[in-house]
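Source file: input.txt (compact mmCIF, C-alpha atoms)
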```
# COMPACT_ATOMS: atom_id res chain seq x y z
CA MET A 1351 55.90 137.94 57.61
CA ARG A 1352 54.16 140.62 55.51
CA TYR A 1353 53.14 138.34 52.69
CA ASN A 1354 51.50 135.91 55.06
CA SER A 1355 49.14 138.64 56.26
CA ILE A 1356 48.46 139.83 52.70
CA PHE A 1357 47.56 136.60 50.98
CA ARG A 1358 48.08 133.24 52.65
CA ARG A 1359 46.34 133.89 55.94
CA TYR A 1360 43.35 135.57 54.26
CA GLU A 1361 42.74 132.81 51.75
CA PHE A 1362 43.40 129.94 54.18
CA CYS A 1363 41.12 131.32 56.91
CA GLY A 1364 38.40 132.21 54.45
CA PHE A 1365 38.37 128.72 52.96
CA ARG A 1366 38.84 126.57 56.07
CA GLY A 1367 37.38 128.87 58.73
CA THR A 1368 33.91 129.63 57.33
CA LEU A 1369 31.38 127.39 59.08
CA LYS A 1370 27.74 126.50 58.57
CA PRO A 1371 25.28 126.84 61.49
CA ASP A 1372 25.79 123.18 62.38
CA GLY A 1373 29.53 123.76 62.86
CA THR A 1374 30.69 121.95 59.72
CA ARG A 1375 32.73 123.72 57.05
CA GLN A 1376 30.85 125.58 54.38
CA PHE A 1377 33.45 125.19 51.64
CA THR A 1378 34.47 121.80 50.30
CA THR A 1379 36.33 123.03 47.22
CA ALA A 1380 38.66 125.99 46.74
CA TYR A 1381 39.98 127.20 43.39
CA VAL A 1382 42.97 129.54 43.69
CA GLU A 1383 44.39 131.18 40.57
CA ILE A 1384 47.44 133.41 41.00
CA SER A 1385 50.61 134.23 39.07
CA LYS A 1386 53.95 132.45 39.42
CA LYS A 1387 56.27 133.10 42.37
CA SER A 1388 53.35 134.15 44.59
CA GLY A 1389 53.71 131.35 47.12
CA LYS A 1390 51.18 128.83 45.80
CA THR A 1391 53.48 125.94 46.69
CA GLU A 1392 53.88 127.07 50.30
CA LEU A 1393 50.15 127.65 50.65
CA ALA A 1394 49.37 124.20 49.23
CA ALA A 1395 51.89 122.56 51.58
CA ALA A 1396 50.42 124.34 54.58
CA ILE A 1397 46.89 123.23 53.72
CA ALA A 1398 48.08 119.65 53.19
CA LEU A 1399 49.73 119.56 56.60
CA TYR A 1400 46.71 121.14 58.26
CA MET A 1401 44.43 118.49 56.82
CA LEU A 1402 46.92 115.78 57.81
CA CYS A 1403 47.63 116.88 61.36
CA ALA A 1404 45.00 119.34 62.59
CA ASP A 1405 41.71 118.19 61.10
CA GLY A 1406 41.20 115.38 63.61
CA GLU A 1407 40.14 112.73 61.11
CA GLN A 1408 41.28 109.19 61.87
CA ARG A 1409 43.16 107.44 59.04
CA ALA A 1410 42.85 110.49 56.83
CA GLU A 1411 44.26 110.24 53.29
CA VAL A 1412 45.64 113.53 51.98
CA TYR A 1413 46.94 113.64 48.42
CA GLY A 1414 49.12 116.17 46.67
CA CYS A 1415 48.67 115.76 42.93
CA ALA A 1416 50.25 117.22 39.80
CA ALA A 1417 50.84 116.39 36.15
CA ASP A 1418 54.24 114.76 36.68
CA ARG A 1419 56.41 113.41 39.48
CA ASP A 1420 58.71 116.44 39.65
CA GLN A 1421 55.80 118.87 40.00
CA ALA A 1422 54.12 116.70 42.62
CA SER A 1423 57.39 116.62 44.54
CA LEU A 1424 57.55 120.41 44.88
CA VAL A 1425 54.67 120.70 47.34
CA PHE A 1426 55.74 117.52 49.11
CA ASP A 1427 59.31 118.79 49.58
CA VAL A 1428 58.08 122.09 51.03
CA ALA A 1429 55.77 120.20 53.40
CA CYS A 1430 58.74 118.08 54.52
CA ASP A 1431 60.77 121.22 55.23
CA MET A 1432 57.89 122.61 57.31
CA VAL A 1433 57.76 119.41 59.35
CA ARG A 1434 61.53 119.42 59.93
CA LEU A 1435 61.47 123.06 61.06
CA SER A 1436 58.62 122.48 63.54
CA LYS A 1437 59.42 120.71 66.80
CA ALA A 1438 55.77 119.74 67.30
CA LEU A 1439 55.29 118.34 63.81
CA LYS A 1440 58.67 116.64 63.76
CA GLN A 1441 57.77 114.81 66.97
CA PHE A 1442 54.63 113.21 65.55
CA CYS A 1443 55.38 112.86 61.83
CA ASP A 1444 57.43 110.29 59.93
CA ILE A 1445 58.77 111.36 56.53
CA LYS A 1446 59.53 108.73 53.91
CA PRO A 1447 61.07 110.60 50.94
CA SER A 1448 61.44 107.52 48.72
CA ARG A 1449 57.71 106.82 48.95
CA LYS A 1450 56.76 110.51 48.91
CA THR A 1451 54.73 110.10 52.10
CA ILE A 1452 54.38 111.82 55.47
CA HIS A 1453 52.66 109.84 58.22
CA PHE A 1454 50.97 111.55 61.17
CA ASN A 1455 51.11 108.92 63.90
CA PRO A 1456 48.45 110.15 66.39
CA THR A 1457 45.64 109.60 63.86
CA ASN A 1458 47.41 107.09 61.62
CA SER A 1459 46.93 109.48 58.71
CA VAL A 1460 49.05 109.87 55.59
CA TYR A 1461 49.94 112.57 53.07
CA LYS A 1462 51.12 111.22 49.72
CA ALA A 1463 52.37 112.86 46.53
CA LEU A 1464 50.90 111.44 43.33
CA SER A 1465 51.36 112.28 39.67
CA ALA A 1466 49.47 111.57 36.46
CA ASP A 1467 52.45 109.73 34.97
CA VAL A 1468 52.56 107.05 37.70
CA ALA A 1469 50.24 104.07 37.61
CA GLY A 1470 48.54 102.31 40.52
CA LYS A 1471 46.41 105.17 41.86
CA SER A 1472 43.15 103.24 42.13
CA GLY A 1473 41.47 102.53 45.43
CA VAL A 1474 42.15 105.91 47.02
CA ASN A 1475 39.81 107.23 49.70
CA VAL A 1476 40.46 110.96 49.53
CA SER A 1477 40.06 113.07 52.66
CA ALA A 1478 41.71 116.13 51.12
CA LEU A 1479 43.10 116.75 47.64
CA ILE A 1480 45.62 119.45 46.75
CA PHE A 1481 46.03 119.70 42.96
CA ASP A 1482 48.99 121.83 41.89
CA GLU A 1483 49.36 123.48 38.44
CA LEU A 1484 46.03 122.14 37.28
CA TRP A 1485 46.25 124.08 34.02
CA VAL A 1486 48.96 121.79 32.59
CA GLN A 1487 46.75 118.69 32.79
CA LYS A 1488 46.29 117.42 29.21
CA ASP A 1489 42.86 116.11 30.10
CA ARG A 1490 40.84 115.59 33.26
CA LYS A 1491 41.17 111.81 33.62
CA PHE A 1492 43.56 111.99 36.59
CA PHE A 1493 41.46 114.63 38.33
CA ASP A 1494 38.28 112.63 37.75
CA MET A 1495 39.89 109.47 39.10
CA MET A 1496 40.76 111.33 42.31
CA THR A 1497 37.38 113.08 42.62
CA LYS A 1498 35.07 110.53 40.95
CA GLY A 1499 34.24 112.96 38.13
CA THR A 1500 33.18 112.00 34.61
CA SER A 1501 33.29 115.13 32.39
CA ASP A 1502 35.50 115.34 29.29
CA HIS A 1503 36.14 119.10 29.50
CA SER A 1504 39.46 120.76 30.33
CA ILE A 1505 39.22 120.64 34.10
CA CYS A 1506 41.22 123.79 34.81
CA TYR A 1507 39.25 125.99 32.43
CA GLU A 1508 36.01 124.43 33.66
CA LEU A 1509 36.84 125.37 37.25
CA HIS A 1510 38.11 128.78 36.13
CA GLN A 1511 34.77 129.43 34.42
CA LYS A 1512 32.85 128.26 37.47
CA ALA A 1513 34.91 130.51 39.74
CA LYS A 1514 34.36 133.50 37.43
CA ASP A 1515 30.64 132.78 37.22
CA ILE A 1516 30.33 132.66 41.02
CA ILE A 1517 32.40 135.82 41.52
CA GLU A 1518 30.36 137.70 38.91
CA GLY A 1519 26.99 136.39 40.15
CA ARG A 1520 26.04 134.12 37.25
CA LYS A 1521 26.17 131.00 39.41
CA VAL A 1522 25.63 130.17 43.07
CA ASP A 1523 27.47 127.38 44.88
CA PRO A 1524 27.92 127.94 48.63
CA THR A 1525 30.41 125.03 48.84
CA PHE A 1526 32.85 126.47 46.25
CA TYR A 1527 35.48 129.05 47.30
CA PRO A 1528 36.73 131.04 44.27
CA VAL A 1529 39.97 133.06 44.36
CA ILE A 1530 41.24 134.61 41.12
CA TYR A 1531 44.06 137.11 40.85
CA GLY A 1532 44.45 138.05 37.20
CA ALA A 1533 44.37 140.80 34.60
CA GLU A 1534 41.23 141.34 32.55
CA ASP A 1535 41.25 140.19 28.93
CA ASP A 1536 41.30 143.76 27.63
CA ASP A 1537 43.94 145.06 30.07
CA ASP A 1538 47.20 146.39 28.66
CA TRP A 1539 49.66 143.64 29.58
CA THR A 1540 52.59 146.10 29.40
CA ASP A 1541 51.07 148.47 32.00
CA GLU A 1542 52.73 148.03 35.40
CA ALA A 1543 49.53 149.11 37.14
CA VAL A 1544 47.86 146.00 35.71
CA TRP A 1545 50.51 143.65 37.07
CA ALA A 1546 49.32 144.04 40.68
CA LYS A 1547 45.95 142.48 39.80
CA ALA A 1548 47.62 139.12 39.29
CA ASN A 1549 50.48 139.59 41.76
CA PRO A 1550 49.25 140.50 45.27
CA SER A 1551 52.79 140.03 46.60
CA LEU A 1552 54.47 142.23 43.98
CA ASN A 1553 57.56 143.88 45.52
CA ILE A 1554 57.26 141.49 48.50
CA THR A 1555 58.02 137.99 47.25
CA ILE A 1556 58.12 139.00 43.58
CA ASP A 1557 60.85 141.39 42.45
CA ILE A 1558 59.23 143.90 40.10
CA GLU A 1559 62.52 144.26 38.24
CA LYS A 1560 62.27 140.63 37.16
CA VAL A 1561 58.74 141.21 35.93
CA ARG A 1562 59.91 144.29 34.02
CA ALA A 1563 62.71 142.30 32.43
CA ALA A 1564 60.30 139.54 31.39
CA CYS A 1565 57.93 142.13 29.95
CA GLU A 1566 60.67 143.82 27.92
CA SER A 1567 61.76 140.44 26.60
CA ALA A 1568 58.17 139.65 25.57
CA LYS A 1569 57.94 142.98 23.74
CA MET A 1570 61.01 142.13 21.69
CA MET A 1571 60.17 138.45 21.25
CA PRO A 1572 56.48 138.10 20.27
CA ASN A 1573 56.59 134.36 20.89
CA GLU A 1574 57.15 135.14 24.59
CA GLU A 1575 54.08 137.36 24.92
CA ASN A 1576 51.63 134.52 25.58
CA ALA A 1577 53.90 133.01 28.24
CA PHE A 1578 54.23 136.38 29.99
CA ARG A 1579 50.50 137.05 29.92
CA GLN A 1580 49.65 133.52 31.04
CA LEU A 1581 52.23 133.01 33.79
CA ARG A 1582 52.68 136.58 35.02
CA LEU A 1583 49.17 137.98 34.55
CA ASN A 1584 46.95 134.85 34.66
CA GLN A 1585 45.31 135.66 31.33
CA TRP A 1586 43.80 132.85 29.26
CA VAL A 1587 45.55 133.52 25.99
CA LYS A 1588 44.96 130.38 23.93
CA GLN A 1589 41.91 128.75 22.38
CA THR A 1590 40.21 128.42 25.76
CA VAL A 1591 39.49 132.17 25.78
CA ARG A 1592 35.82 133.03 25.46
CA TRP A 1593 34.92 134.17 21.99
CA MET A 1594 32.42 136.96 22.63
CA PRO A 1595 33.55 140.13 24.50
CA MET A 1596 30.62 140.30 26.90
CA GLU A 1597 31.04 143.99 27.64
CA LYS A 1598 30.24 144.57 23.95
CA TRP A 1599 27.32 142.15 24.06
CA ASP A 1600 25.86 143.97 27.06
CA LEU A 1601 25.94 147.25 25.14
CA CYS A 1602 23.41 145.69 22.74
CA ALA A 1603 20.77 145.13 25.44
CA PHE A 1604 18.37 147.49 23.69
CA PRO A 1605 14.74 146.96 24.75
CA VAL A 1606 12.78 144.34 22.80
CA ASN A 1607 8.97 144.61 22.79
CA GLU A 1608 7.49 141.30 21.71
CA GLN A 1609 4.05 142.77 20.96
CA SER A 1610 5.49 145.46 18.67
CA LEU A 1611 7.16 142.73 16.57
CA GLU A 1612 3.87 141.05 15.61
CA GLY A 1613 3.40 140.99 11.86
CA ARG A 1614 7.03 141.60 11.01
CA VAL A 1615 9.14 139.25 8.91
CA CYS A 1616 11.34 137.03 11.07
CA TYR A 1617 13.44 133.88 10.88
CA GLY A 1618 13.74 131.12 13.43
CA GLY A 1619 16.63 128.95 14.53
CA LEU A 1620 15.97 125.78 16.53
CA ASP A 1621 18.61 123.84 18.46
CA LEU A 1622 16.98 120.72 19.84
CA SER A 1623 18.64 119.21 22.87
CA SER A 1624 18.18 115.73 24.18
CA THR A 1625 14.68 115.45 25.61
CA THR A 1626 16.01 116.04 29.12
CA ASP A 1627 18.13 119.11 28.41
CA LEU A 1628 17.80 122.80 27.55
CA THR A 1629 16.14 123.43 24.18
CA ALA A 1630 16.33 126.80 22.43
CA PHE A 1631 14.32 128.48 19.67
CA VAL A 1632 15.33 131.98 18.59
CA LEU A 1633 13.62 134.45 16.27
CA VAL A 1634 15.66 137.09 14.47
CA PHE A 1635 13.87 140.07 12.90
CA PRO A 1636 15.83 141.80 10.11
CA PRO A 1637 16.05 145.62 10.19
CA GLU A 1638 13.32 147.51 8.34
CA ASP A 1639 15.60 150.42 7.45
CA GLU A 1640 19.26 151.50 7.73
CA ASP A 1641 18.80 152.86 11.25
CA ASP A 1642 17.07 149.75 12.54
CA LYS A 1643 18.77 146.77 14.23
CA TYR A 1644 18.49 143.02 14.00
CA VAL A 1645 16.15 142.09 16.85
CA VAL A 1646 16.66 138.80 18.70
CA LEU A 1647 13.77 137.12 20.52
CA PRO A 1648 14.72 133.83 22.25
CA TYR A 1649 12.63 131.06 23.81
CA PHE A 1650 13.94 128.28 26.08
CA TRP A 1651 12.42 125.09 27.47
CA LEU A 1652 13.31 122.60 30.22
CA PRO A 1653 11.41 119.65 31.75
CA GLU A 1654 9.40 120.82 34.75
CA GLU A 1655 10.12 117.83 36.99
CA THR A 1656 13.92 118.08 36.67
CA LEU A 1657 14.21 121.85 37.15
CA ASP A 1658 15.15 121.77 40.85
CA LEU A 1659 17.58 118.91 40.26
CA ARG A 1660 19.36 120.90 37.55
CA VAL A 1661 19.64 123.96 39.80
CA ARG A 1662 21.37 121.88 42.48
CA ARG A 1663 23.54 119.92 40.03
CA ASP A 1664 24.57 122.63 37.59
CA HIS A 1665 24.51 125.60 40.01
CA VAL A 1666 22.68 127.60 37.33
CA PRO A 1667 19.60 129.68 38.38
CA TYR A 1668 17.11 127.95 36.06
CA ASP A 1669 14.40 128.28 38.72
CA LEU A 1670 14.88 132.05 38.94
CA TRP A 1671 14.82 132.37 35.15
CA GLU A 1672 11.65 130.27 35.04
CA ARG A 1673 9.92 132.52 37.60
CA GLN A 1674 11.03 135.58 35.64
CA GLY A 1675 9.58 134.15 32.43
CA PHE A 1676 12.89 133.63 30.61
CA ILE A 1677 12.50 129.83 30.55
CA GLN A 1678 9.36 127.80 29.92
CA THR A 1679 8.84 124.32 31.31
CA THR A 1680 7.06 121.35 29.78
CA GLU A 1681 5.18 118.82 31.89
CA GLY A 1682 7.02 115.72 33.04
CA ASN A 1683 10.71 114.89 33.08
CA VAL A 1684 11.40 115.33 29.35
CA VAL A 1685 11.01 118.15 26.83
CA HIS A 1686 8.16 117.22 24.52
CA TYR A 1687 9.17 117.94 20.94
CA GLY A 1688 5.51 117.94 19.92
CA TYR A 1689 4.85 120.92 22.19
CA ILE A 1690 7.73 122.85 20.65
CA GLU A 1691 6.68 121.85 17.13
CA LYS A 1692 3.19 123.23 17.77
CA PHE A 1693 4.65 126.44 19.22
CA ILE A 1694 6.80 126.97 16.12
CA GLU A 1695 4.02 126.09 13.67
CA GLU A 1696 1.82 128.74 15.23
CA LEU A 1697 4.57 131.26 14.53
CA GLY A 1698 5.03 129.90 11.00
CA THR A 1699 8.82 130.13 11.05
CA ASN A 1700 11.63 127.62 10.58
CA VAL A 1701 14.23 126.72 7.96
CA PRO A 1702 16.38 123.55 7.78
CA PHE A 1703 19.99 124.42 8.57
CA GLY A 1704 23.29 122.53 8.85
CA GLN A 1705 25.86 123.03 11.60
CA GLY A 1706 29.04 122.50 9.58
CA TYR A 1707 31.71 125.12 8.90
CA SER A 1708 30.24 126.19 5.56
CA SER A 1709 26.84 126.92 7.12
CA MET A 1710 27.93 128.31 10.48
CA SER A 1711 31.03 130.36 9.71
CA PRO A 1712 29.49 133.35 7.84
CA PRO A 1713 26.67 134.06 10.35
CA THR A 1714 29.00 133.46 13.31
CA LYS A 1715 31.41 136.08 12.02
CA GLU A 1716 28.50 138.37 11.18
CA LEU A 1717 27.12 138.06 14.73
CA MET A 1718 30.40 139.34 16.11
CA LYS A 1719 30.42 142.21 13.59
CA LEU A 1720 26.85 143.24 14.45
CA VAL A 1721 27.60 143.16 18.18
CA LEU A 1722 30.71 145.31 17.80
CA GLU A 1723 28.73 147.77 15.65
CA LYS A 1724 25.75 147.76 18.07
CA LYS A 1725 23.45 146.73 15.23
CA ILE A 1726 21.71 143.97 17.14
CA ALA A 1727 19.15 144.19 19.98
CA HIS A 1728 18.68 141.27 22.37
CA GLY A 1729 16.94 142.89 25.32
CA GLY A 1730 19.50 141.64 27.82
CA HIS A 1731 17.89 138.19 27.97
CA PRO A 1732 19.88 136.47 30.78
CA VAL A 1733 19.64 132.89 29.45
CA LEU A 1734 20.78 133.93 25.98
CA ARG A 1735 23.56 135.99 27.54
CA TRP A 1736 24.72 132.96 29.52
CA ASN A 1737 24.74 130.84 26.36
CA VAL A 1738 26.69 133.42 24.34
CA ASP A 1739 29.17 133.86 27.18
CA ASN A 1740 29.86 130.11 27.08
CA ILE A 1741 30.83 129.95 23.40
CA SER A 1742 34.20 128.49 22.49
CA ILE A 1743 35.18 128.63 18.81
CA ARG A 1744 36.73 125.97 16.58
CA THR A 1745 38.61 127.02 13.43
CA ASP A 1746 39.33 124.91 10.36
CA PRO A 1747 42.49 125.23 8.20
CA ALA A 1748 40.67 127.59 5.80
CA GLY A 1749 39.87 130.06 8.58
CA ASN A 1750 36.18 129.12 8.88
CA ILE A 1751 34.78 129.15 12.40
CA LYS A 1752 31.89 127.67 14.31
CA ALA A 1753 30.77 127.39 17.90
CA ASP A 1754 32.08 124.18 19.42
CA LYS A 1755 29.77 122.39 21.84
CA GLU A 1756 32.50 119.98 22.94
CA LYS A 1757 34.97 122.73 23.91
CA SER A 1758 32.34 125.04 25.43
CA THR A 1759 32.11 124.40 29.15
CA GLU A 1760 28.37 125.16 29.48
CA LYS A 1761 25.21 125.31 27.37
CA ILE A 1762 25.35 127.23 24.07
CA ASP A 1763 22.03 126.09 22.54
CA GLY A 1764 20.55 129.58 22.42
CA ALA A 1765 23.66 130.98 20.77
CA ILE A 1766 23.57 128.25 18.09
CA ALA A 1767 19.90 128.93 17.40
CA THR A 1768 20.63 132.68 17.16
CA ILE A 1769 23.41 132.13 14.63
CA MET A 1770 21.20 129.91 12.47
CA ALA A 1771 18.31 132.38 12.49
CA LEU A 1772 20.66 135.29 11.84
CA ASP A 1773 21.98 133.59 8.72
CA ARG A 1774 18.49 133.45 7.19
CA ALA A 1775 17.67 136.98 8.29
CA ILE A 1776 20.80 138.29 6.56
CA ARG A 1777 20.25 136.23 3.41
CA CYS A 1778 16.55 136.90 2.98
CA GLY A 1779 15.96 140.23 4.73
CA ASN A 1780 12.33 141.37 4.63
CA ASP A 1781 11.35 139.22 1.67
CA GLU A 1782 7.75 138.20 2.35
CA GLY A 1783 7.63 135.50 -0.32
CA GLY A 1784 5.85 132.24 0.34
CA SER A 1785 7.37 129.38 2.28
CA VAL A 1786 7.04 125.63 1.98
CA TYR A 1787 5.90 125.74 5.62
CA ASP A 1788 2.75 127.58 4.51
CA GLU A 1789 1.60 124.30 2.98
CA ARG A 1790 3.00 121.75 5.43
CA GLY A 1791 4.35 121.57 8.96
CA ILE A 1792 7.89 121.07 10.22
CA LEU A 1793 9.60 117.76 9.59
CA LEU A 1794 11.36 116.53 12.74
CA ILE A 1795 14.00 113.83 12.14
```
Let's see the structure in the file written out as structure tokens.
Amino acid sequence: MRYNSIFRRYEFCGFRGTLKPDGTRQFTTAYVEISKKSGKTELAAAIALYMLCADGEQRAEVYGCAADRDQASLVFDVACDMVRLSKALKQFCDIKPSRKTIHFNPTNSVYKALSADVAGKSGVNVSALIFDELWVQKDRKFFDMMTKGTSDHSICYELHQKAKDIIEGRKVDPTFYPVIYGAEDDDDWTDEAVWAKANPSLNITIDIEKVRAACESAKMMPNEENAFRQLRLNQWVKQTVRWMPMEKWDLCAFPVNEQSLEGRVCYGGLDLSSTTDLTAFVLVFPPEDEDDKYVVLPYFWLPEETLDLRVRRDHVPYDLWERQGFIQTTEGNVVHYGYIEKFIEELGTNVPFGQGYSSMSPPTKELMKLVLEKKIAHGGHPVLRWNVDNISIRTDPAGNIKADKEKSTEKIDGAIATIMALDRAIRCGNDEGGSVYDERGILLI
């Protein structure tokens, strides 16, 4: 079968066949993102049966999960058909459709379909988990129950971001196997050449005429555009889309010379984390003339003793950034606010600032404007870039916006500090008037 050689065999062998030197599998998690009608259900069923029958584990528990019972049944039903069509599998497997289970007798193992709308899923001991249509999960409670997770983020977008970060080199996790077939955010969704990015089996299992018809319908019915782009092209078209176009941000990586900035007027934004987390302080220097740019100079801190733990847990290269001088560490296992307070007092910059819509909306919108106009210089600082790339935006009924820490899947502290400092730099410019901080230090509450 042509499609098998194009997609299924490649992804299955890459995920299950890559071994560590000790002979155990390298990958424990695979994230596969591909458009509809590309054979995800068949691939999921094949993996479920492999883990049930060929992995060799005694009393293995394999679960096929989805948002509702009907969706969970799709993979299960395909797996049942595969068993019935195979003499070898049929000989050793017992199918119980009413219970949505397949038992593999030689190892006393079981494959069971579960859904989020059915109770009584506690006490599972998962050997393998196949989660279908993860994007429709309203929250991640069901996923966390099956995987012992605790985060409150949208699980599908969180894994999508992790996969993208690994593919693009922002994160490293040798146990995570990322597969994403999808159009880029700025691709023309009506261009047939773009469709192949999200549909590796186009003209094989997917009739291009049906895609053309769906596209024409979306052109005439604007309310269908999002569905076409999401289901046919794997584009994130709703509020989960990243706010900042990073290709535009990268064009603003003009060199920043810290020594040449000494003596210039600047404004600082401070976003204090918990004492065990990333803390950011960012200076913004307003332009001195019409041809000048707003210059951004960020500083970041983490506790020294927890640095290695965070690298392993978060799969973020904090240690590399620390060696390169982009992150500073403070002694012990907490960030000492007194150290940061002294650092800021020596610079003589800081202004109290709220993080509500009224305070954050104008400078947030202005940051985007300056980036698009290439009127900001950030030096390509990798930690700040990572923070900006993580921003998700919340909008109020009046159209005001602000960066949302709850919706953002990773740290955005540096971006928040930049927005706060930018607000003061825009409001005050190069005014060198006196400051209350000339007479007293910073008040930390």
Taking a cut-off of 10 Å and counting all atoms listed in the file, can you build a table that, for each residue of range 1572-1631 of chain A near range 1683-1698 of chain A, reports the nearest atom pair and how far apart they are in Å (one decimal), sorted by chain then residue number, as JSON lines?
```
{"residue": "A:Glu1612", "atom": "CA", "partner": "A:Leu1697", "partner_atom": "CA", "distance": 9.9}
{"residue": "A:Cys1616", "atom": "CA", "partner": "A:Gly1698", "partner_atom": "CA", "distance": 9.5}
{"residue": "A:Tyr1617", "atom": "CA", "partner": "A:Gly1698", "partner_atom": "CA", "distance": 9.3}
{"residue": "A:Gly1618", "atom": "CA", "partner": "A:Ile1694", "partner_atom": "CA", "distance": 8.5}
{"residue": "A:Leu1620", "atom": "CA", "partner": "A:Ile1694", "partner_atom": "CA", "distance": 9.3}
{"residue": "A:Leu1622", "atom": "CA", "partner": "A:Tyr1687", "partner_atom": "CA", "distance": 8.4}
{"residue": "A:Ser1623", "atom": "CA", "partner": "A:Val1685", "partner_atom": "CA", "distance": 8.7}
{"residue": "A:Ser1624", "atom": "CA", "partner": "A:Val1685", "partner_atom": "CA", "distance": 8.0}
{"residue": "A:Thr1625", "atom": "CA", "partner": "A:Val1685", "partner_atom": "CA", "distance": 4.7}
{"residue": "A:Thr1626", "atom": "CA", "partner": "A:Val1684", "partner_atom": "CA", "distance": 4.7}
{"residue": "A:Asp1627", "atom": "CA", "partner": "A:Val1685", "partner_atom": "CA", "distance": 7.4}
{"residue": "A:Leu1628", "atom": "CA", "partner": "A:Val1685", "partner_atom": "CA", "distance": 8.3}
{"residue": "A:Thr1629", "atom": "CA", "partner": "A:Val1685", "partner_atom": "CA", "distance": 7.8}
{"residue": "A:Ala1630", "atom": "CA", "partner": "A:Ile1690", "partner_atom": "CA", "distance": 9.6}
{"residue": "A:Phe1631", "atom": "CA", "partner": "A:Ile1694", "partner_atom": "CA", "distance": 8.5}
```
Query raised in the report: Quick one: distance from CA of Glu1566 in chain A to CA of Leu1583 in chain A in Å, one decimal?
Result: 14.5 Å
Query raised in the report: Which distance in Å separates CA of Asp1773 in chain A and CA of Asn1607 in chain A, to one decimal?
Result: 22.1 Å
**Report entry** Nearby residues (all atoms listed in the file) at most 12 Å from Asn1740 in chain A, same-chain spacing under 6 positions excluded, as an MDAnalysis selection string
**Finding:** chainID A and resid 1507:1508 1511:1512 1514:1515 1520 1590:1596 1733:1734 1753:1766
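Reported to one decimal place, the separation of CA of Gly1730 in chain A from CA of Val1606 in chain A is 8.8 Å.
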Requested in this report: Counting all atoms listed in the file, note down every residue that has an atom within 10 Å of the point (5.5, 118.8, 37.0) (file coordinates), as number ranges by chain.
Outcome: A: 1653-1657, 1679-1683
Can you write out the residues you just picked, keeping C-alpha atoms, as a PDB file, in the coordinates of the input?
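The resulting part_36.pdb:
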```
ATOM      1  CA  PRO A1653      11.410 119.650  31.750  1.00  0.00           C
ATOM      2  CA  GLU A1654       9.400 120.820  34.750  1.00  0.00           C
ATOM      3  CA  GLU A1655      10.120 117.830  36.990  1.00  0.00           C
ATOM      4  CA  THR A1656      13.920 118.080  36.670  1.00  0.00           C
ATOM      5  CA  LEU A1657      14.210 121.850  37.150  1.00  0.00           C
ATOM      6  CA  THR A1679       8.840 124.320  31.310  1.00  0.00           C
ATOM      7  CA  THR A1680       7.060 121.350  29.780  1.00  0.00           C
ATOM      8  CA  GLU A1681       5.180 118.820  31.890  1.00  0.00           C
ATOM      9  CA  GLY A1682       7.020 115.720  33.040  1.00  0.00           C
ATOM     10  CA  ASN A1683      10.710 114.890  33.080  1.00  0.00           C
TER      11      ASN A1683
END
```
Query raised in the report: Which one is closest to Ala1429 in chain A: A:Glu1575, A:Glu1640, A:Asp1444, A:Asp1538? Count all atoms listed in the file.
Result: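 Nearest candidate to Ala1429 in chain A out of A:Glu1575, A:Glu1640, A:Asp1444, A:Asp1538: A:Asp1444.
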